[in-house]
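> What follows is run.txt, made up of compact mmCIF, C-alpha atoms:
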# COMPACT_ATOMS: atom_id res chain seq x y z
CA MET A 21 -7.15 71.21 -21.16
CA ASN A 22 -8.12 74.50 -19.61
CA GLU A 23 -10.27 73.04 -16.88
CA THR A 24 -10.48 74.83 -13.54
CA LYS A 25 -8.55 73.02 -10.83
CA LYS A 26 -10.54 71.52 -7.99
CA ALA A 27 -9.67 71.96 -4.33
CA ILE A 28 -11.09 70.44 -1.17
CA VAL A 29 -11.38 73.06 1.57
CA LEU A 30 -11.99 72.02 5.18
CA ILE A 31 -14.63 74.34 6.66
CA SER A 32 -15.20 74.34 10.41
CA GLY A 33 -17.46 77.36 10.70
CA GLY A 34 -14.63 79.38 12.24
CA LEU A 35 -12.75 82.47 11.18
CA ASP A 36 -9.62 80.69 9.93
CA SER A 37 -11.26 78.22 7.57
CA ALA A 38 -13.57 80.92 6.14
CA THR A 39 -10.45 82.93 5.27
CA VAL A 40 -8.82 79.85 3.72
CA LEU A 41 -11.87 79.26 1.54
CA ALA A 42 -11.71 82.85 0.29
CA ILE A 43 -7.99 82.44 -0.43
CA ALA A 44 -8.53 79.19 -2.38
CA LYS A 45 -11.30 80.83 -4.36
CA ALA A 46 -9.17 83.90 -5.11
CA ALA A 47 -6.42 81.54 -6.33
CA GLY A 48 -8.84 80.30 -8.98
CA TYR A 49 -9.86 76.91 -7.60
CA ASP A 50 -13.29 75.35 -7.86
CA CYS A 51 -13.85 74.73 -4.17
CA TYR A 52 -15.45 71.67 -2.58
CA GLY A 53 -16.21 72.35 1.09
CA LEU A 54 -15.89 69.57 3.64
CA SER A 55 -17.20 69.77 7.20
CA PHE A 56 -17.65 67.21 9.95
CA TYR A 57 -20.31 66.50 12.45
CA TYR A 58 -18.13 64.77 15.02
CA GLY A 59 -20.12 65.25 18.17
CA GLN A 60 -19.22 68.91 18.65
CA ARG A 61 -21.82 71.58 19.30
CA HIS A 62 -22.92 70.86 15.79
CA GLN A 63 -26.02 72.88 15.10
CA VAL A 64 -24.20 76.16 15.57
CA GLU A 65 -20.79 75.35 14.01
CA LEU A 66 -22.23 73.43 11.09
CA HIS A 67 -24.84 76.12 10.48
CA ALA A 68 -21.99 78.63 10.29
CA ALA A 69 -19.99 76.31 7.98
CA ASN A 70 -23.01 76.03 5.75
CA GLN A 71 -23.56 79.80 5.60
CA ILE A 72 -19.89 80.42 4.81
CA ALA A 73 -19.90 77.76 2.09
CA LYS A 74 -22.98 79.33 0.47
CA ASN A 75 -21.67 82.86 0.82
CA LEU A 76 -18.40 81.96 -0.92
CA HIS A 77 -20.11 79.81 -3.58
CA VAL A 78 -18.52 76.39 -3.12
CA LYS A 79 -19.40 73.79 -5.78
CA THR A 80 -20.55 71.30 -3.13
CA HIS A 81 -20.58 71.36 0.64
CA LYS A 82 -20.34 67.89 2.16
CA VAL A 83 -20.88 67.19 5.85
CA LEU A 84 -19.52 63.82 6.97
CA HIS A 85 -20.64 62.19 10.18
CA LEU A 86 -17.86 60.94 12.41
CA ASP A 87 -18.03 59.16 15.73
CA LEU A 88 -15.28 61.11 17.52
CA ASN A 89 -17.37 61.37 20.67
CA ASN A 90 -17.41 57.56 20.71
CA ILE A 91 -13.64 57.92 21.25
CA GLY A 92 -13.78 60.96 23.57
CA GLY A 93 -10.66 62.31 25.24
CA SER A 94 -11.29 66.02 24.64
CA ALA A 95 -13.34 68.83 26.12
CA LEU A 96 -14.78 69.30 22.62
CA THR A 97 -16.06 65.72 22.28
CA ASP A 98 -16.72 64.65 25.87
CA ASP A 99 -19.27 66.57 27.97
CA HIS A 100 -17.55 65.42 31.15
CA ILE A 101 -14.41 67.47 30.39
CA ALA A 102 -14.87 71.22 30.92
CA VAL A 103 -13.65 73.82 28.41
CA PRO A 104 -10.95 75.92 30.15
CA ILE A 105 -11.86 79.59 30.56
CA GLU A 106 -8.91 80.98 32.51
CA GLY A 107 -6.87 82.10 29.49
CA VAL A 108 -4.47 80.69 26.90
CA ASN A 109 -1.60 78.72 28.49
CA ASN A 110 1.48 77.00 27.19
CA GLY A 111 1.22 73.28 26.44
CA ILE A 112 -1.48 71.22 24.81
CA PRO A 113 -4.91 72.01 26.30
CA VAL A 114 -7.82 69.61 27.01
CA THR A 115 -9.64 71.01 23.97
CA TYR A 116 -7.14 69.08 21.84
CA VAL A 117 -9.11 66.36 20.02
CA PRO A 118 -6.89 63.29 19.59
CA ALA A 119 -5.75 62.97 15.98
CA ARG A 120 -8.50 65.30 14.73
CA ASN A 121 -6.65 66.97 11.89
CA THR A 122 -5.19 63.62 10.84
CA VAL A 123 -8.70 62.17 10.61
CA PHE A 124 -10.11 65.24 8.83
CA LEU A 125 -7.27 65.38 6.31
CA SER A 126 -7.54 61.62 5.69
CA LEU A 127 -11.19 61.94 4.77
CA ALA A 128 -10.42 65.01 2.64
CA LEU A 129 -7.78 62.89 0.90
CA GLY A 130 -10.34 60.16 0.18
CA TRP A 131 -12.79 62.65 -1.31
CA ALA A 132 -9.99 64.36 -3.27
CA GLU A 133 -9.12 61.02 -4.90
CA VAL A 134 -12.73 60.47 -5.91
CA LEU A 135 -13.03 64.00 -7.34
CA GLN A 136 -9.60 63.78 -8.98
CA ALA A 137 -8.57 66.86 -7.04
CA HIS A 138 -4.98 67.17 -5.85
CA ASP A 139 -5.23 70.21 -3.65
CA ILE A 140 -6.48 70.27 -0.07
CA PHE A 141 -6.74 73.49 1.94
CA ILE A 142 -6.75 73.59 5.74
CA GLY A 143 -6.72 76.60 8.07
CA VAL A 144 -4.06 75.48 10.50
CA ASN A 145 -2.00 78.19 12.09
CA ALA A 146 1.12 77.96 14.19
CA ILE A 147 1.20 81.51 15.56
CA ASP A 148 -1.99 82.55 17.39
CA TYR A 149 -3.13 79.00 18.05
CA SER A 150 -4.03 76.66 20.85
CA GLY A 151 -0.84 74.57 20.95
CA TYR A 152 -2.24 71.60 19.06
CA PRO A 153 0.50 69.35 17.63
CA ASP A 154 -1.50 68.73 14.45
CA CYS A 155 -1.35 72.41 13.49
CA ARG A 156 2.43 72.50 13.04
CA PRO A 157 4.19 72.69 9.66
CA GLU A 158 6.18 69.49 10.36
CA PHE A 159 2.91 67.58 10.80
CA ILE A 160 1.50 68.92 7.53
CA GLU A 161 4.69 68.01 5.67
CA ALA A 162 4.63 64.45 7.07
CA PHE A 163 0.94 64.10 6.19
CA GLU A 164 1.58 65.18 2.61
CA LYS A 165 4.39 62.65 2.25
CA MET A 166 2.17 59.89 3.67
CA ALA A 167 -0.75 60.91 1.42
CA ASN A 168 1.32 60.45 -1.69
CA LEU A 169 2.23 56.91 -0.63
CA ALA A 170 -1.32 56.06 0.53
CA THR A 171 -3.24 56.73 -2.64
CA LYS A 172 -3.78 55.54 -6.16
CA ALA A 173 -3.28 59.06 -7.50
CA GLY A 174 -0.08 59.47 -5.49
CA VAL A 175 1.29 56.18 -6.81
CA GLU A 176 0.41 57.26 -10.34
CA GLY A 177 2.44 60.44 -9.89
CA GLN A 178 -0.28 63.04 -9.32
CA ALA A 179 1.04 64.42 -6.06
CA PHE A 180 -1.29 65.80 -3.42
CA LYS A 181 -0.56 69.19 -1.95
CA ILE A 182 -1.82 70.24 1.49
CA HIS A 183 -2.16 74.03 1.39
CA THR A 184 -1.86 75.91 4.67
CA PRO A 185 -2.04 79.58 3.65
CA LEU A 186 -2.49 80.77 7.26
CA ILE A 187 0.32 78.83 8.86
CA ASP A 188 2.64 81.79 9.40
CA LEU A 189 0.05 84.52 9.91
CA THR A 190 -1.04 86.14 13.15
CA LYS A 191 -4.76 86.20 13.89
CA ALA A 192 -4.77 89.91 13.04
CA GLN A 193 -3.12 89.24 9.66
CA ILE A 194 -5.64 86.49 8.94
CA ILE A 195 -8.53 88.88 9.62
CA GLN A 196 -6.96 91.60 7.48
CA LYS A 197 -6.37 89.15 4.62
CA GLY A 198 -9.92 87.81 4.77
CA THR A 199 -11.39 91.29 4.91
CA THR A 200 -9.61 92.29 1.71
CA LEU A 201 -11.09 89.15 0.12
CA GLY A 202 -14.60 90.03 1.27
CA VAL A 203 -15.08 87.41 4.00
CA ASP A 204 -18.14 88.16 6.11
CA TYR A 205 -16.82 87.32 9.58
CA SER A 206 -20.24 87.82 11.11
CA LEU A 207 -21.10 84.41 9.63
CA THR A 208 -18.23 82.70 11.47
CA ILE A 209 -18.12 81.31 14.98
CA SER A 210 -14.93 80.57 16.94
CA CYS A 211 -16.21 79.90 20.49
CA TYR A 212 -15.65 76.42 21.95
CA GLN A 213 -18.93 76.60 23.90
CA PRO A 214 -21.44 78.89 22.17
CA ASN A 215 -25.08 78.82 23.17
CA THR A 216 -27.75 77.52 20.82
CA GLN A 217 -28.15 80.99 19.26
CA GLY A 218 -24.45 80.97 18.34
CA HIS A 219 -23.52 83.60 20.92
CA ALA A 220 -19.93 83.33 22.15
CA CYS A 221 -18.76 82.82 25.76
CA GLY A 222 -15.91 85.35 25.49
CA VAL A 223 -13.65 83.45 27.90
CA CYS A 224 -12.49 80.24 26.17
CA ASP A 225 -9.13 80.19 24.34
CA ALA A 226 -10.79 80.46 20.93
CA CYS A 227 -12.81 83.53 21.98
CA ARG A 228 -9.74 85.18 23.48
CA LEU A 229 -7.58 84.59 20.39
CA ARG A 230 -10.36 85.86 18.12
CA ALA A 231 -11.06 89.02 20.14
CA ALA A 232 -7.34 89.86 20.37
CA GLY A 233 -7.06 89.34 16.62
CA PHE A 234 -9.80 91.84 15.77
CA GLU A 235 -8.34 94.31 18.23
CA GLN A 236 -4.81 94.02 16.82
CA ALA A 237 -6.18 94.27 13.28
CA GLY A 238 -7.96 97.47 14.26
CA MET A 239 -11.23 96.07 12.95
CA ALA A 240 -14.71 95.93 14.43
CA ASP A 241 -15.41 92.50 15.97
CA PRO A 242 -18.79 91.23 14.73
CA THR A 243 -18.95 88.50 17.44
CA ILE A 244 -22.12 88.46 19.48
CA TYR A 245 -21.42 87.50 23.07
CA MET A 246 -23.75 85.91 25.57
CA THR A 247 -25.20 88.39 28.01
CA MET B 4 4.98 49.28 36.72
CA ASN B 5 4.11 45.83 35.54
CA GLU B 6 0.98 46.84 33.71
CA THR B 7 0.01 44.93 30.57
CA LYS B 8 0.57 47.00 27.45
CA LYS B 9 -2.50 48.02 25.49
CA ALA B 10 -2.81 47.63 21.74
CA ILE B 11 -5.46 48.75 19.27
CA VAL B 12 -6.14 46.05 16.69
CA LEU B 13 -8.09 46.83 13.51
CA ILE B 14 -10.60 44.01 12.92
CA SER B 15 -12.37 43.78 9.57
CA GLY B 16 -13.99 40.39 9.96
CA GLY B 17 -11.52 38.87 7.50
CA LEU B 18 -8.85 36.22 7.78
CA ASP B 19 -5.87 38.60 7.98
CA SER B 20 -7.07 40.78 10.83
CA ALA B 21 -8.22 37.76 12.86
CA THR B 22 -4.67 36.42 12.57
CA VAL B 23 -3.23 39.78 13.59
CA LEU B 24 -5.43 39.85 16.67
CA ALA B 25 -4.19 36.39 17.68
CA ILE B 26 -0.59 37.53 17.15
CA ALA B 27 -1.05 40.67 19.28
CA LYS B 28 -2.65 38.60 22.02
CA ALA B 29 0.14 36.02 21.91
CA ALA B 30 2.64 38.90 22.22
CA GLY B 31 1.04 39.74 25.57
CA TYR B 32 -0.97 42.83 24.71
CA ASP B 33 -4.36 43.73 26.15
CA CYS B 34 -6.21 44.11 22.87
CA TYR B 35 -8.79 46.77 21.99
CA GLY B 36 -10.59 45.85 18.79
CA LEU B 37 -11.64 48.56 16.34
CA SER B 38 -14.01 48.00 13.41
CA PHE B 39 -15.82 50.34 11.07
CA TYR B 40 -19.25 50.45 9.62
CA TYR B 41 -18.41 52.46 6.52
CA GLY B 42 -21.19 51.53 4.17
CA GLN B 43 -19.85 48.09 3.31
CA ARG B 44 -21.96 44.92 3.50
CA HIS B 45 -21.96 45.56 7.19
CA GLN B 46 -24.23 43.00 8.79
CA VAL B 47 -22.07 40.12 7.62
CA GLU B 48 -18.56 41.61 8.00
CA LEU B 49 -19.28 43.32 11.29
CA HIS B 50 -20.97 40.22 12.63
CA ALA B 51 -17.80 38.29 11.79
CA ALA B 52 -15.63 41.01 13.39
CA ASN B 53 -17.73 40.81 16.51
CA GLN B 54 -17.48 37.01 16.71
CA ILE B 55 -13.71 37.12 16.23
CA ALA B 56 -13.32 39.82 18.89
CA LYS B 57 -15.34 37.75 21.37
CA ASN B 58 -13.58 34.51 20.49
CA LEU B 59 -10.15 36.06 21.09
CA HIS B 60 -11.26 37.95 24.23
CA VAL B 61 -10.58 41.59 23.38
CA LYS B 62 -10.99 44.07 26.25
CA THR B 63 -13.40 46.20 24.23
CA HIS B 64 -14.66 46.02 20.66
CA LYS B 65 -15.60 49.40 19.26
CA VAL B 66 -17.46 49.88 15.99
CA LEU B 67 -17.19 53.41 14.60
CA HIS B 68 -19.60 54.69 12.00
CA LEU B 69 -18.01 56.37 9.02
CA ASP B 70 -19.59 57.98 6.00
CA LEU B 71 -17.28 56.52 3.34
CA ASN B 72 -20.20 55.78 1.04
CA ASN B 73 -20.97 59.51 1.14
CA ILE B 74 -17.60 59.84 -0.64
CA GLY B 75 -17.91 56.75 -2.88
CA GLY B 76 -15.31 55.96 -5.52
CA SER B 77 -15.03 52.21 -4.89
CA ALA B 78 -16.89 49.02 -5.70
CA LEU B 79 -16.98 48.41 -1.94
CA THR B 80 -18.70 51.68 -1.07
CA ASP B 81 -20.70 52.48 -4.21
CA ASP B 82 -23.40 50.06 -5.39
CA HIS B 83 -23.07 51.42 -8.93
CA ILE B 84 -19.54 50.03 -9.32
CA ALA B 85 -19.44 46.24 -9.80
CA VAL B 86 -16.99 44.01 -7.92
CA PRO B 87 -14.68 42.39 -10.54
CA ILE B 88 -14.97 38.61 -10.73
CA GLU B 89 -12.62 37.72 -13.59
CA GLY B 90 -9.54 37.11 -11.44
CA VAL B 91 -6.70 39.03 -9.75
CA ASN B 92 -4.94 41.43 -12.14
CA ASN B 93 -1.99 43.75 -11.89
CA GLY B 94 -2.69 47.36 -10.97
CA ILE B 95 -5.03 48.95 -8.45
CA PRO B 96 -8.56 47.49 -8.77
CA VAL B 97 -11.92 49.27 -8.39
CA THR B 98 -12.33 47.66 -4.97
CA TYR B 99 -9.68 50.10 -3.70
CA VAL B 100 -11.43 52.46 -1.25
CA PRO B 101 -9.81 55.90 -1.48
CA ALA B 102 -7.61 56.53 1.57
CA ARG B 103 -9.31 53.77 3.58
CA ASN B 104 -6.35 52.58 5.60
CA THR B 105 -5.27 56.18 6.20
CA VAL B 106 -8.71 56.94 7.62
CA PHE B 107 -8.85 53.72 9.68
CA LEU B 108 -5.37 54.20 11.11
CA SER B 109 -6.11 57.86 11.90
CA LEU B 110 -9.12 56.89 13.98
CA ALA B 111 -7.13 54.08 15.63
CA LEU B 112 -4.51 56.72 16.46
CA GLY B 113 -7.13 58.94 18.09
CA TRP B 114 -8.44 56.09 20.22
CA ALA B 115 -4.88 55.01 21.09
CA GLU B 116 -4.18 58.49 22.45
CA VAL B 117 -7.28 58.40 24.60
CA LEU B 118 -6.42 54.91 25.94
CA GLN B 119 -2.74 55.83 26.36
CA ALA B 120 -1.86 52.93 24.08
CA HIS B 121 1.12 53.27 21.75
CA ASP B 122 0.75 50.15 19.66
CA ILE B 123 -1.60 49.75 16.70
CA PHE B 124 -1.89 46.48 14.79
CA ILE B 125 -3.15 46.25 11.21
CA GLY B 126 -3.33 43.23 8.91
CA VAL B 127 -1.88 44.75 5.77
CA ASN B 128 0.00 42.43 3.50
CA ALA B 129 2.16 43.18 0.50
CA ILE B 130 2.45 39.65 -0.94
CA ASP B 131 -0.92 37.98 -1.65
CA TYR B 132 -2.84 41.23 -1.77
CA SER B 133 -5.04 43.25 -4.04
CA GLY B 134 -2.54 45.89 -5.14
CA TYR B 135 -3.77 48.62 -2.77
CA PRO B 136 -1.19 51.40 -2.27
CA ASP B 137 -2.10 51.73 1.42
CA CYS B 138 -0.94 48.16 2.15
CA ARG B 139 2.71 48.81 1.34
CA PRO B 140 5.50 49.07 3.94
CA GLU B 141 6.51 52.53 2.72
CA PHE B 142 3.00 53.80 3.43
CA ILE B 143 3.01 52.32 6.95
CA GLU B 144 6.40 53.89 7.67
CA ALA B 145 5.22 57.30 6.48
CA PHE B 146 2.03 57.00 8.54
CA GLU B 147 4.01 56.18 11.67
CA LYS B 148 6.25 59.20 11.17
CA MET B 149 3.22 61.44 10.65
CA ALA B 150 1.45 59.97 13.71
CA ASN B 151 4.32 60.91 15.97
CA LEU B 152 4.15 64.53 14.79
CA ALA B 153 0.33 64.65 14.90
CA THR B 154 -0.29 63.73 18.50
CA LYS B 155 0.17 64.92 22.04
CA ALA B 156 1.73 61.57 23.02
CA GLY B 157 4.09 61.72 20.04
CA VAL B 158 5.18 65.26 20.94
CA GLU B 159 5.75 64.15 24.54
CA GLY B 160 8.08 61.40 23.32
CA GLN B 161 5.86 58.30 23.62
CA ALA B 162 6.25 57.09 20.06
CA PHE B 163 3.47 55.22 18.30
CA LYS B 164 4.30 51.99 16.55
CA ILE B 165 2.20 50.60 13.70
CA HIS B 166 2.62 46.81 13.77
CA THR B 167 2.16 44.92 10.52
CA PRO B 168 3.02 41.32 11.41
CA LEU B 169 1.63 39.94 8.13
CA ILE B 170 3.33 42.33 5.75
CA ASP B 171 5.87 39.83 4.38
CA LEU B 172 3.80 36.65 4.68
CA THR B 173 2.02 34.76 1.91
CA LYS B 174 -1.65 33.98 2.45
CA ALA B 175 -0.68 30.35 3.14
CA GLN B 176 1.83 31.42 5.80
CA ILE B 177 -0.78 33.69 7.41
CA ILE B 178 -3.22 30.78 7.64
CA GLN B 179 -0.56 28.46 9.06
CA LYS B 180 0.48 31.08 11.63
CA GLY B 181 -3.11 31.72 12.71
CA THR B 182 -3.86 28.03 12.94
CA THR B 183 -0.98 27.47 15.36
CA LEU B 184 -2.40 30.35 17.44
CA GLY B 185 -5.85 28.79 17.49
CA VAL B 186 -7.69 31.19 15.15
CA ASP B 187 -11.09 29.80 14.17
CA TYR B 188 -11.17 30.76 10.48
CA SER B 189 -14.76 29.58 10.14
CA LEU B 190 -15.69 32.82 11.92
CA THR B 191 -13.96 34.98 9.30
CA ILE B 192 -15.27 36.25 6.00
CA SER B 193 -13.11 37.51 3.13
CA CYS B 194 -15.58 37.79 0.21
CA TYR B 195 -16.23 41.27 -1.24
CA GLN B 196 -19.85 40.41 -1.99
CA PRO B 197 -21.16 37.76 0.39
CA ASN B 198 -24.87 37.12 0.65
CA THR B 199 -26.82 37.96 3.79
CA GLN B 200 -26.04 34.54 5.28
CA GLY B 201 -22.31 35.28 4.93
CA HIS B 202 -21.81 32.78 2.11
CA ALA B 203 -18.95 33.70 -0.23
CA CYS B 204 -19.15 34.30 -3.99
CA GLY B 205 -15.96 32.35 -4.77
CA VAL B 206 -15.03 34.55 -7.74
CA CYS B 207 -13.97 37.96 -6.39
CA ASP B 208 -10.27 38.70 -5.78
CA ALA B 209 -10.62 38.24 -2.01
CA CYS B 210 -12.26 34.81 -2.44
CA ARG B 211 -9.61 33.72 -4.93
CA LEU B 212 -6.69 34.80 -2.70
CA ARG B 213 -8.29 33.10 0.32
CA ALA B 214 -9.00 29.81 -1.45
CA ALA B 215 -5.49 29.67 -2.92
CA GLY B 216 -4.08 30.36 0.55
CA PHE B 217 -5.89 27.43 2.15
CA GLU B 218 -4.89 25.19 -0.72
CA GLN B 219 -1.21 26.19 -0.55
CA ALA B 220 -1.24 25.79 3.23
CA GLY B 221 -2.63 22.29 2.80
CA MET B 222 -5.48 23.12 5.16
CA ALA B 223 -9.21 22.54 4.91
CA ASP B 224 -11.00 25.71 3.82
CA PRO B 225 -13.97 26.38 6.13
CA THR B 226 -15.50 28.93 3.71
CA ILE B 227 -19.13 28.30 2.85
CA TYR B 228 -19.84 29.27 -0.74
CA MET B 229 -23.12 30.33 -2.29
CA THR B 230 -24.78 27.52 -4.18
Have the structure of the file written as structure tokens, please.


Amino acid sequence: MNETKKAIVLISGGLDSATVLAIAKAAGYDCYGLSFYYGQRHQVELHAANQIAKNLHVKTHKVLHLDLNNIGGSALTDDHIAVPIEGVNNGIPVTYVPARNTVFLSLALGWAEVLQAHDIFIGVNAIDYSGYPDCRPEFIEAFEKMANLATKAGVEGQAFKIHTPLIDLTKAQIIQKGTTLGVDYSLTISCYQPNTQGHACGVCDACRLRAAGFEQAGMADPTIYMT
Amino acid sequence: MNETKKAIVLISGGLDSATVLAIAKAAGYDCYGLSFYYGQRHQVELHAANQIAKNLHVKTHKVLHLDLNNIGGSALTDDHIAVPIEGVNNGIPVTYVPARNTVFLSLALGWAEVLQAHDIFIGVNAIDYSGYPDCRPEFIEAFEKMANLATKAGVEGQAFKIHTPLIDLTKAQIIQKGTTLGVDYSLTISCYQPNTQGHACGVCDACRLRAAGFEQAGMADPTIYMT
């Protein structure tokens, strides 16, 4: 069999996952994009995810609805908790969404089983990141182990692999990598609180990490900021 | 602090999870019931879950919506795949929903973090069960390990525990246990394909395991079957 291998790629609409999609594609996978409408500022992020998926020619782009705002507990899913704008601090910030990557990867795992795919790509990063516990390599390793015990495919010996090609890269390295692969970063949006036109606030952690990344990479930042 | 401990209890509307809820309550936990509308025969199962939650006085009963039928791959989430009725076989049947318990436990984990609960109860069972990989003790153990790396609470040293009080019990023992705790099994529904009145088919694996359980326990079976 010389069939192209399938991969599920989680696409958030941000810079990291767009780069991951380009990497998976360059590695020869047929890519199946997965995004979530989980009560975030969806129109803008999901519009970006959709544009990125089209631009990089995924086979299918699926958007699953998820009730994370019914659970709350994060500035990204509860309107009563403000997004911090005073700069990146140590510790886990209020933008942490409880168990988000666990939930996203679990649903990716379910779809992977249905598609008979064994490769899942996620843009977690443990360098220029927001201190989320579910972005660390030890979490990914534990998830992979669990996934192979949880599933029919795992039991039958077709191990799942969670690919994290950005995990050891700085934001600048991610941007450089994506640029060589032709990622159009003007389609991506990183801001935690963009306006309805997709313009970025410039002061949340995600905006700060993104801006510093473009600067360190010596590249023009295509982000449009609110005026 | 003499505060009552909180527990999240997954409630499906079936016999097993109703028993688990009674066990968690008897152990002194304040119980928070979690159910999912994931494209299953929801009116009937979720109605049962709701009745059970009320009957056993949970603090809150949350029903999260989940797009599992957008993924498909199971007789329980895809109308094009028939529920087998020829009896329980070895191997993983087509009623297996890809990664279902992983997804359910992940969302329970998210809610647990928000509630500052560290105990999650699930009615998995590795004796009289349908051969699902995500009902085995090794899966639960791997999930627990992953959960403690995935979360803010886990990182801060407040370990999560996944309780599986039924894991080593036969269906008959589960029914006996629940009966001593006052579970009203007439509220529960196990059938994979009940009609809209909640009457059971009597021939799917879940019906067969349930009926055999009541028989072996020497108890009257309150199930109402289709005529």

> Report as JSON lines the residues of region 49-145 of chain B within 6 Å of region 152-169 of chain B, each with its shortest atom pair and distance in Å (one decimal), using all atoms listed in the file, ordered by chain and increasing residue number.


{"residue": "B:His121", "atom": "CA", "partner": "B:Phe163", "partner_atom": "CA", "distance": 4.6}
{"residue": "B:Asp122", "atom": "CA", "partner": "B:Lys164", "partner_atom": "CA", "distance": 5.1}
{"residue": "B:Ile123", "atom": "CA", "partner": "B:Ile165", "partner_atom": "CA", "distance": 4.9}
{"residue": "B:Phe124", "atom": "CA", "partner": "B:His166", "partner_atom": "CA", "distance": 4.6}
{"residue": "B:Ile125", "atom": "CA", "partner": "B:Thr167", "partner_atom": "CA", "distance": 5.5}
{"residue": "B:Gly126", "atom": "CA", "partner": "B:Thr167", "partner_atom": "CA", "distance": 6.0}
{"residue": "B:Asn128", "atom": "CA", "partner": "B:Leu169", "partner_atom": "CA", "distance": 5.5}

> Please, could you write that set of residues out with C-alpha atoms as a PDB file, in the frame of the given file?


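Once everything was written out, this is result.pdb:
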ATOM      1  CA  HIS B 121       1.120  53.270  21.750  1.00  0.00           C
ATOM      2  CA  ASP B 122       0.750  50.150  19.660  1.00  0.00           C
ATOM      3  CA  ILE B 123      -1.600  49.750  16.700  1.00  0.00           C
ATOM      4  CA  PHE B 124      -1.890  46.480  14.790  1.00  0.00           C
ATOM      5  CA  ILE B 125      -3.150  46.250  11.210  1.00  0.00           C
ATOM      6  CA  GLY B 126      -3.330  43.230   8.910  1.00  0.00           C
ATOM      7  CA  ASN B 128       0.000  42.430   3.500  1.00  0.00           C
TER       8      ASN B 128
END

> I need the chain B residues near chain A as a list in words; criterion: at most 6 Å, counting all atoms listed in the file.

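Output check: Leu67, Leu69, Asp70, Ile74, Gly76, Pro101, Ala102, Thr105, Val106, Ser109, Gly113, Trp114, Val117, Pro136, Asp137, Phe142, Ala145, Phe146, Met149, Leu152, Ala153 and Thr154 of chain B.
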
> Would you pick out the contacts of Thr80 (chain A) at 12 Å or less, using all atoms listed in the file, so that residues sharing its chain but fewer than 5 positions from it are not included, and give the list as a PyMOL selection string?

chain A and resi 26-31+50-55+70+73-74+131+135

> Go ahead and compute the interatomic distance for CA of Ala95 (chain A) and CA of Ala42 (chain A), in Å to one decimal.

29.4 Å

> Separation of CA of Cys211 (chain A) and CA of Leu229 (chain A), in Å?

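Answer for the CA of Cys211 (chain A) to CA of Leu229 (chain A) separation: 9.8 Å.
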
> Interatomic distance between CA of Val103 (chain A) and CA of Thr115 (chain A)?

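A separation of 6.6 Å between them.
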
> Neighbouring residues of region 88-90 of chain B were defined as those with any atom within 6 Å, considering all atoms listed in the file; residues of the same chain fewer than 4 positions away were excluded. Please report them as a JSON list (two decimals) with C-alpha atoms, in the coordinates of the input.


[["chain", "number", "residue", "atom", "x", "y", "z"],
["B", 206, "VAL", "CA", -15.03, 34.55, -7.74],
["B", 207, "CYS", "CA", -13.97, 37.96, -6.39],
["B", 208, "ASP", "CA", -10.27, 38.70, -5.78]]

> Could you check which of B:Leu172, B:Leu49, B:Ile178, B:Cys204 is closest to Pro87 (chain B), using all atoms listed in the file?

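Of B:Leu172, B:Leu49, B:Ile178, B:Cys204, the one nearest Pro87 (chain B), counting all atoms listed in the file, is B:Cys204.
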